[in-house]
Each structure stands twice: as C-alpha cells, then as structure tokens.
Amino acid sequence: MRRAREGLLASGYRFLVADDHPLFRGALKGALSGLDDACKILEAGDFEGAKALLDDNIDLVLLDLTMPGVSGLSGLVALRGMNAAVPIVVVSAHDDPETIRRALELGASGFISKSSGMDEIRTAVRTILDGGIYTPADIDLGAEADPEIADLISRLQTLTPQQTRVLSMLAEGLLNKQIAYELNVSEATIKAHVSAVLQKLNVDSRTQAVIRLSRIGADTIATES
C-alpha cells in the first residue's frame, strides 16, 4: 500500500540513495527502478549531500554506514534527528547481528546487507514502504553485550528529534549561535536543548556528550564481518 501523501500523485516514490560507491548506488537504483517505473531516485555520495537532499517528499532513505562526512551509526542518528518521519533503511556490508540490532534500536526501519540480491532488496523496500520492519532472514539479533552501549542507546532513545539534531550539530563542532541560526530559533532555545541533552546523556559538558555519541560511530561496527 502506497504511503498516502498530498502531492505524490503519479510521480511515483521518491528514494534517496546515500552511498559513496557509484557502482553500488547504480545497483540500488536498478533494484528500486524495478519496483516503480515512475519512481524518482536521488543520489548522494557523501553525508553532507544526503542531509541536503533529505526532506518530507522522500519516501525512503537507503543509507550506507560509512561515507565521507560520517562513520557508523551516528549518521543514522543525525538523519533521524533531521526528519523522524522519513523511514531509513541501513544498507551495509557490516551485517553482523550487533550492527543490525543497534541500527534498529536507533530508529532504522530495516537493514539490507550489501551482499543481498536484487529480489531481496526489493522485498525489503516493499516491506518498509508498507510500514513494516525488514531484517535479513534467519539471523538472531540477540541482546546487547556491551552495557555502556546499551545504556547509551537507551539514553539516545529519550531525546526528542530536535534534541537529537542539536546533539549531531554539536558533534559537527557548531557553536550555540550557529545552531540557532541553522535551526532558525533563538540561542536561548538552543541552550535549553543542550542542557536537556546533557542531562539525558548523564554528562557534564558538550565535549563529553560528543564523546558519548562517538561511541556509536565506527567503533560500534563489528570488524568480523
């Protein structure tokens, strides 16, 4: 069932493929085109490009975990903060249970391994567009073995989308006044958001908050895959 949205009409689905490898973007485009001849596929080869293209008209984001400008699940967190209504499916070669489970806990609508064939990719996308959650078949996600990561994820889940976005912008090194300008709010509002973020993450400073967020960066991707 198509996700109803004013203005979609006959233009088809709008997908955003964010991956720094042109050949793999091409493979994903081929899979997506087979779903809907009228679909529009936007491409981003780096994280800044993905952020620039993300808007309410996107039906689904297909996000690689590692590309210029971001590494690991922090990219997922940042995009979810920018627009929590747009579903995101992580597409990665790092398809171990830990990475898949953490992606889902941080708000991904599914996970597609880069080793998947065209049919599996289309099945995954159809499942998510229909409102479901997709994970590779026959995989036991288990439970989080790292208590620090488990605590961090549970704390990140308590952040509002705006607080999540502010945290991601702190990680980019932006000052309060710069964040206020980007989000078109007062600096006092940003100060309040920062205070809430620090409290929810149980840290005392912006630097500590950024360090905590970095724990779900590349170091949360298992190296065994």
# chains A, B, ... in the order shown; residues from 1 in each chain; ligands from 1
call {"tool": "residues_around", "arguments": {"residues": "segment 174-181 of chain A", "least_positions_apart": "5", "cutoff": "9 Å", "atoms": "only C-alpha atoms", "output": "JSON, numbers by chain"}}
result
{"A": [166, 169, 186, 187, 188, 189, 190, 191, 194]}
call {"tool": "residues_around", "arguments": {"residues": "Ala124 of chain A", "least_positions_apart": "2", "cutoff": "8 Å", "atoms": "only C-alpha atoms", "output": "PyMOL selection string"}}
result
chain A and resi 110+112+120-122+126-128+134-135
call {"tool": "write_last_selection", "arguments": {"atoms": "N, CA, C and O atoms", "output": "short mmCIF file (atom, residue, chain, number, x, y, z; two decimals), in the first residue's frame"}}
result
data_model
loop_
_atom_site.label_atom_id
_atom_site.label_comp_id
_atom_site.auth_asym_id
_atom_site.auth_seq_id
_atom_site.Cartn_x
_atom_site.Cartn_y
_atom_site.Cartn_z
N GLY A 110 14.81 -0.77 8.85
CA GLY A 110 15.24 -2.05 8.32
C GLY A 110 16.73 -2.06 8.07
O GLY A 110 17.42 -1.05 8.25
N ILE A 112 19.55 -3.87 5.19
CA ILE A 112 19.81 -4.67 3.99
C ILE A 112 21.31 -4.88 3.90
O ILE A 112 22.10 -3.93 3.92
N GLU A 120 15.88 -9.64 -3.00
CA GLU A 120 15.83 -9.39 -1.56
C GLU A 120 15.76 -7.89 -1.27
O GLU A 120 15.02 -7.46 -0.36
N ILE A 121 16.50 -7.09 -2.03
CA ILE A 121 16.45 -5.65 -1.84
C ILE A 121 15.04 -5.14 -2.10
O ILE A 121 14.49 -4.34 -1.32
N ARG A 122 14.41 -5.62 -3.17
CA ARG A 122 13.04 -5.18 -3.48
C ARG A 122 12.06 -5.64 -2.42
O ARG A 122 11.15 -4.89 -2.04
N ARG A 126 9.82 -3.04 -0.27
CA ARG A 126 8.35 -3.17 -0.24
C ARG A 126 7.85 -3.29 1.19
O ARG A 126 6.84 -2.69 1.57
N THR A 127 8.54 -4.10 1.99
CA THR A 127 8.14 -4.31 3.39
C THR A 127 8.13 -2.99 4.15
O THR A 127 7.19 -2.69 4.88
N ILE A 128 9.17 -2.19 3.96
CA ILE A 128 9.27 -0.93 4.69
C ILE A 128 8.25 0.09 4.19
O ILE A 128 7.62 0.80 4.97
N TYR A 134 12.24 -4.53 8.19
CA TYR A 134 12.89 -5.62 7.47
C TYR A 134 14.28 -5.89 8.03
O TYR A 134 15.08 -4.97 8.22
N THR A 135 14.57 -7.16 8.30
CA THR A 135 15.91 -7.60 8.64
C THR A 135 16.22 -8.86 7.84
O THR A 135 15.30 -9.57 7.41
#
call {"tool": "closest_residue", "arguments": {"among": "A:Pro147, A:Gly26, A:Pro136, A:Gly69", "to": "Pro97 of chain A", "atoms": "only C-alpha atoms"}}
result
A:Pro136
call {"tool": "residues_around", "arguments": {"residues": "segment 81-85 of chain A", "least_positions_apart": "6", "cutoff": "7 Å", "atoms": "only C-alpha atoms", "output": "tab-separated table (two decimals) with all heavy atoms, in the first residue's frame"}}
result
chain	number	residue	atom	x	y	z
A	161	PRO	N	13.41	14.61	18.60
A	161	PRO	CA	14.10	14.83	17.32
A	161	PRO	C	14.94	16.11	17.31
A	161	PRO	O	16.06	16.11	16.79
A	161	PRO	CB	12.95	14.91	16.32
A	161	PRO	CG	11.90	14.03	16.91
A	161	PRO	CD	11.99	14.28	18.39
A	162	GLN	N	14.42	17.19	17.89
A	162	GLN	CA	15.18	18.44	17.90
A	162	GLN	C	16.43	18.33	18.77
A	162	GLN	O	17.50	18.82	18.41
A	162	GLN	CB	14.30	19.59	18.38
A	162	GLN	CG	14.89	20.98	18.15
A	162	GLN	CD	14.78	21.46	16.72
A	162	GLN	OE1	14.92	20.69	15.78
A	162	GLN	NE2	14.51	22.75	16.54
A	164	THR	N	18.03	15.57	19.34
A	164	THR	CA	18.93	14.71	18.59
A	164	THR	C	19.67	15.50	17.53
A	164	THR	O	20.88	15.34	17.32
A	164	THR	CB	18.15	13.57	17.92
A	164	THR	OG1	17.50	12.79	18.92
A	164	THR	CG2	19.07	12.67	17.11
A	165	ARG	N	18.95	16.40	16.87
A	165	ARG	CA	19.59	17.21	15.84
A	165	ARG	C	20.61	18.15	16.45
A	165	ARG	O	21.70	18.35	15.89
A	165	ARG	CB	18.53	18.00	15.07
A	165	ARG	CG	19.09	18.68	13.82
A	165	ARG	CD	18.02	19.27	12.96
A	165	ARG	NE	18.60	19.81	11.73
A	165	ARG	CZ	17.93	20.52	10.84
A	165	ARG	NH1	16.65	20.77	11.03
A	165	ARG	NH2	18.52	20.97	9.75
call {"tool": "atom_distance", "arguments": {"atom1": "atom CA of Leu170 of chain A", "atom2": "atom CA of Asp95 of chain A"}}
result
28.8 Å
